[in-house]
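Participant: One structure, as structure tokens, below. Some questions next.
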Amino acid sequence: MNPHRLKSYFFLLAVAIIWGAASPIIKFTLQGIDPLPFLAYRFAIAAIFSIAFFAVKVKKGKKFNQLKAHLPFALLYGLLAVPIGLGILFFGLDKSTVLDLTLIGVGGPLLVTIGGVYFFRDHITHREKIGISIVLVGVLFNSFFPIFKSSSDLQLTGNILLLIFLLADAGSILMAKKAVQYKIKSSNLTNLAFIVGAVTVIPIAIFVYGFENLISSITILPLKYHLGVWFMALLSGNLAYYLYVRAQKTIEVSEAVLFNYLQPLFTIPLAIFWLGESLSTSFIIGAIIIAFGLVIAEYKHSLAK
């Protein structure tokens with residue numbers, strides 16, 4: 001196997017493990033801090049490291065030519081991937097469950113596959129179209145099932161926000177692939193994105209909570225919640241985003257997103273045994289529909305081996 005592809009596979013596996021643990025950690029940390037202060041705190045940490053990264057690079061004489069040449073595109077990516085995408089995710093997960101996010105998130109790779117057809121001329125077979133359609137039916141079924149339950153408006157709102165996050169996340173992944181074609185270094189793109197996140201979210205948090213209240217809500221946090229924020233800022237943030245963009249240099253975007261299917265292997269056990277969430281009827285039915293669709297959509301990969 002090509003050593004560069006092997007390295008990309010290793011990077012994507014690491015990302016799957018980190019992001020598989022991320023949503024349970026977010027949900028746990030939201031028990032101690034509201035979504036907006038959480039985001040502001042997280043982006044502040046990530047931005048400090050990102051600014052230090054650029055400062056070191058400038059001191060070494062780096063010019064960032066490609067980043068400068070495509071700066072509007074890079075800023076748009078940063079806005080979509082970080083404050084918009086992650087912001088919607090945090091507010092959605094605060095109202096929904098990790099298990100619902102797990103099923104809804106399965107639709108993400110398929111949305112990226114569809115986007116790859118339109119933006120990168122990736123080929124998609126008739127079988128894949130059928131499988132994708134079935135998966136999306138399963139995702140929508142699980143997302144809107146709370147309509148049929150009493151006192152579930154909060155969860156329905158959360159699920160709708162998670163669906164919007166899915167669209168934003170798929171868009172940012174496609175933009176990351178385009179950035180690779182523009183030869184923008186993944187480390188530059190990722191670190192700029194978290195600076196964009198800090199610049200946009202922190203002023204909003206100060207406006208909503210007031211500076212003193214915002215700082216107080218962070219400083220009084222128990223250590224276990226601080227650890228959750230730092231995990232999200234540095235491991236699930238700077239490191240994972242860098243590895244994900246870096247991996248797409250040598251493999252197709254439709255292949256890279258297949259590693260997203262590994263995330264539930266880490267998410268579901270944490271949601272059940274750590275957070276105490278239970279498997280609902282809608283989850284089981286949705287999972288069966290989605291699994292059936294995935295088998296059809298990804299059958300061509302098993303044939304190719």
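In the structure tokens, each chain is lettered A, B, ... as it comes, each chain's residues begin at 1, and ligands are numbered from 1 in order of appearance.
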Using only C-alpha atoms, determine which residues lie at most 10 Å from A:Glu128, disregarding the query and same-chain residues fewer than 4 positions distant; provide the list as a list in words.

Facilitator: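 Final neighbour list, sorted by chain and number: Leu110, Thr113, Ile114, His123, Ile124, Ile132, Ser133, Ile134, Gly293, Leu294, Val295, Ile296, Ala297, Glu298, Tyr299 and Lys300 of chain A.
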
Participant: Let me see the file: selected residues, C-alpha atoms, as a short mmCIF file (atom, residue, chain, number, x, y, z; two decimals), in the first residue's frame.

Facilitator:
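Final file, part-v3.cif:
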```cif
data_model
loop_
_atom_site.label_atom_id
_atom_site.label_comp_id
_atom_site.auth_asym_id
_atom_site.auth_seq_id
_atom_site.Cartn_x
_atom_site.Cartn_y
_atom_site.Cartn_z
CA LEU A 110 -23.53 10.59 2.39
CA THR A 113 -20.63 11.99 -1.21
CA ILE A 114 -23.48 13.80 -2.95
CA HIS A 123 -18.80 9.02 -9.61
CA ILE A 124 -21.85 7.64 -7.81
CA ILE A 132 -28.23 7.04 0.26
CA SER A 133 -31.96 7.63 -0.11
CA ILE A 134 -32.74 4.86 2.38
CA GLY A 293 -29.19 1.75 3.37
CA LEU A 294 -25.47 1.75 4.20
CA VAL A 295 -25.10 -1.88 3.12
CA ILE A 296 -26.61 -0.98 -0.24
CA ALA A 297 -24.72 2.31 -0.64
CA GLU A 298 -21.31 0.92 0.30
CA TYR A 299 -21.65 -2.54 -1.27
CA LYS A 300 -19.36 -1.55 -4.12
#
```

Participant: Please identify every residue of stretch 130-173 of chain A that has at least one atom no farther than 8 Å from an atom of stretch 281-287 of chain A, counting only C-alpha atoms, and for each give the shortest atom pair and the distance in Å to one decimal, arranged by chain then increasing number, as a tab-separated table.

Facilitator:
```
residue	atom	partner	partner_atom	distance
A:Gly138	CA	A:Gly286	CA	4.7
A:Val139	CA	A:Gly286	CA	6.6
A:Phe141	CA	A:Gly286	CA	6.4
A:Asn142	CA	A:Gly286	CA	5.4
A:Phe145	CA	A:Ser282	CA	6.6
```

Participant: Residues within 6 Å of stretch 221-228 of chain A, please, as a list in words. Count only C-alpha atoms; anything in the same chain fewer than 2 positions from it doesn't count.

Facilitator: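 Everything that qualifies: Ile25, Thr29, Ile218, Thr219, Trp230 and Phe231 of chain A.
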
Participant: Take the selection from the previous step and output its residues with C-alpha atoms, as an mmCIF file, in the first residue's frame.

Facilitator:
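part-v7.cif, written as the output of this step:
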```
data_model
loop_
_atom_site.group_PDB
_atom_site.id
_atom_site.type_symbol
_atom_site.label_atom_id
_atom_site.label_comp_id
_atom_site.auth_asym_id
_atom_site.auth_seq_id
_atom_site.Cartn_x
_atom_site.Cartn_y
_atom_site.Cartn_z
ATOM 1 C CA ILE A 25 -17.812 14.761 26.267
ATOM 2 C CA THR A 29 -19.557 19.215 29.933
ATOM 3 C CA ILE A 218 -15.809 29.781 33.505
ATOM 4 C CA THR A 219 -13.707 30.254 36.626
ATOM 5 C CA TRP A 230 -9.759 21.505 26.901
ATOM 6 C CA PHE A 231 -10.348 18.165 25.192
#
```

Participant: Residues within 12 Å of A:Ile268, please, as a PyMOL selection string. Count only C-alpha atoms; anything in the same chain fewer than 6 positions from it doesn't count.

Facilitator: chain A and resi 20-24+97-103+262+274-279+283+287

Participant: Using C-alpha atoms, can you write the selected residues to a file as a compact mmCIF listing (two decimals), in the first residue's frame?

Facilitator:
```txt
# COMPACT_ATOMS: atom_id res chain seq x y z
CA GLY A 20 -16.38 9.50 18.46
CA ALA A 21 -15.68 10.54 22.05
CA ALA A 22 -16.40 14.22 21.40
CA SER A 23 -20.21 14.29 21.52
CA PRO A 24 -20.44 12.41 24.86
CA THR A 97 -29.22 13.20 23.00
CA VAL A 98 -25.87 11.77 21.99
CA LEU A 99 -27.60 8.70 20.57
CA ASP A 100 -29.81 10.84 18.32
CA LEU A 101 -26.73 12.74 17.14
CA THR A 102 -25.06 9.41 16.37
CA LEU A 103 -27.82 8.36 13.98
CA LEU A 262 -16.35 4.28 12.82
CA TRP A 274 -21.19 6.84 30.88
CA LEU A 275 -24.09 9.22 30.27
CA GLY A 276 -26.82 6.69 31.03
CA GLU A 277 -28.77 7.21 27.80
CA SER A 278 -31.08 4.41 26.69
CA LEU A 279 -31.87 2.92 23.28
CA PHE A 283 -33.35 4.79 17.61
CA ALA A 287 -30.64 2.30 13.04
```

Participant: Given only C-alpha atoms as the basis, pick out the residue of A:Gly78, A:Gly116, A:Pro72, A:Gly105 nearest to A:Ile290.

Facilitator: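 Distance minimum relative to A:Ile290 lands on A:Gly105.
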
Participant: Could you list, as an MDAnalysis selection string, every residue within 9 Å of stretch 82-90 of chain A, counting only C-alpha atoms and ignoring same-chain residues fewer than 4 positions away?

Facilitator: chainID A and resid 23 26:27 30 35:36 38:39 43 77:78 94:95 158 161:162 164:169 172 193:194 196:198 200:201

Participant: Expressed in Å to a single decimal, how great is the separation between atom CA of A:Ala46 and atom CA of A:Asn238?

Facilitator: 6.6 Å

Participant: Using only C-alpha atoms, which residue out of A:Phe211, A:Tyr242, A:Phe273, A:Tyr182 lies closest to A:Ala69?

Facilitator: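 When distances to A:Ala69 are compared using only C-alpha atoms, the smallest one comes from A:Tyr182.
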
Participant: May I have the residues within 10 Å of A:Leu174 as JSON, numbers by chain, using only C-alpha atoms and disregarding those fewer than 6 positions away in the same chain?

Facilitator: {"A": [77, 111, 112, 113, 115, 116, 119, 120, 253, 254]}

Participant: With N, CA and C atoms retained, export the selected residues as a PDB file, in the first residue's frame.

Facilitator:
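Written out: result22.pdb:
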```
ATOM      1  N   TYR A  77     -14.497  29.283   4.972  1.00  0.00           N
ATOM      2  CA  TYR A  77     -14.402  27.933   5.525  1.00  0.00           C
ATOM      3  C   TYR A  77     -14.387  27.983   7.048  1.00  0.00           C
ATOM      4  N   LEU A 111     -24.044  12.966   2.582  1.00  0.00           N
ATOM      5  CA  LEU A 111     -24.196  14.313   2.041  1.00  0.00           C
ATOM      6  C   LEU A 111     -22.898  14.783   1.381  1.00  0.00           C
ATOM      7  N   VAL A 112     -21.772  14.413   2.000  1.00  0.00           N
ATOM      8  CA  VAL A 112     -20.479  14.759   1.410  1.00  0.00           C
ATOM      9  C   VAL A 112     -20.288  14.030   0.083  1.00  0.00           C
ATOM     10  N   THR A 113     -20.714  12.759   0.029  1.00  0.00           N
ATOM     11  CA  THR A 113     -20.627  11.988  -1.212  1.00  0.00           C
ATOM     12  C   THR A 113     -21.437  12.660  -2.313  1.00  0.00           C
ATOM     13  N   GLY A 115     -22.248  15.827  -2.430  1.00  0.00           N
ATOM     14  CA  GLY A 115     -21.537  17.054  -2.768  1.00  0.00           C
ATOM     15  C   GLY A 115     -20.331  16.799  -3.644  1.00  0.00           C
ATOM     16  N   GLY A 116     -19.646  15.666  -3.396  1.00  0.00           N
ATOM     17  CA  GLY A 116     -18.489  15.313  -4.224  1.00  0.00           C
ATOM     18  C   GLY A 116     -18.862  15.093  -5.670  1.00  0.00           C
ATOM     19  N   PHE A 119     -19.463  18.852  -7.016  1.00  0.00           N
ATOM     20  CA  PHE A 119     -18.357  19.811  -6.960  1.00  0.00           C
ATOM     21  C   PHE A 119     -17.014  19.229  -7.408  1.00  0.00           C
ATOM     22  N   PHE A 120     -16.847  17.906  -7.299  1.00  0.00           N
ATOM     23  CA  PHE A 120     -15.568  17.298  -7.653  1.00  0.00           C
ATOM     24  C   PHE A 120     -15.703  16.208  -8.719  1.00  0.00           C
ATOM     25  N   VAL A 253     -12.294  12.519  -1.195  1.00  0.00           N
ATOM     26  CA  VAL A 253     -13.163  12.988  -0.125  1.00  0.00           C
ATOM     27  C   VAL A 253     -14.220  11.950   0.216  1.00  0.00           C
ATOM     28  N   SER A 254     -14.737  11.231  -0.804  1.00  0.00           N
ATOM     29  CA  SER A 254     -15.766  10.212  -0.548  1.00  0.00           C
ATOM     30  C   SER A 254     -15.203   9.038   0.233  1.00  0.00           C
TER      31      SER A 254
END
```

Participant: Quick check for you: according to DSSP on this backbone, which residues of stretch 117-279 of chain A are classed as helix (DSSP H, G or I)? Reply as a VMD selection string.

Facilitator: chain A and resid 117 to 120 126 to 148 153 to 181 186 to 209 211 to 219 223 to 247 253 to 262 264 to 273
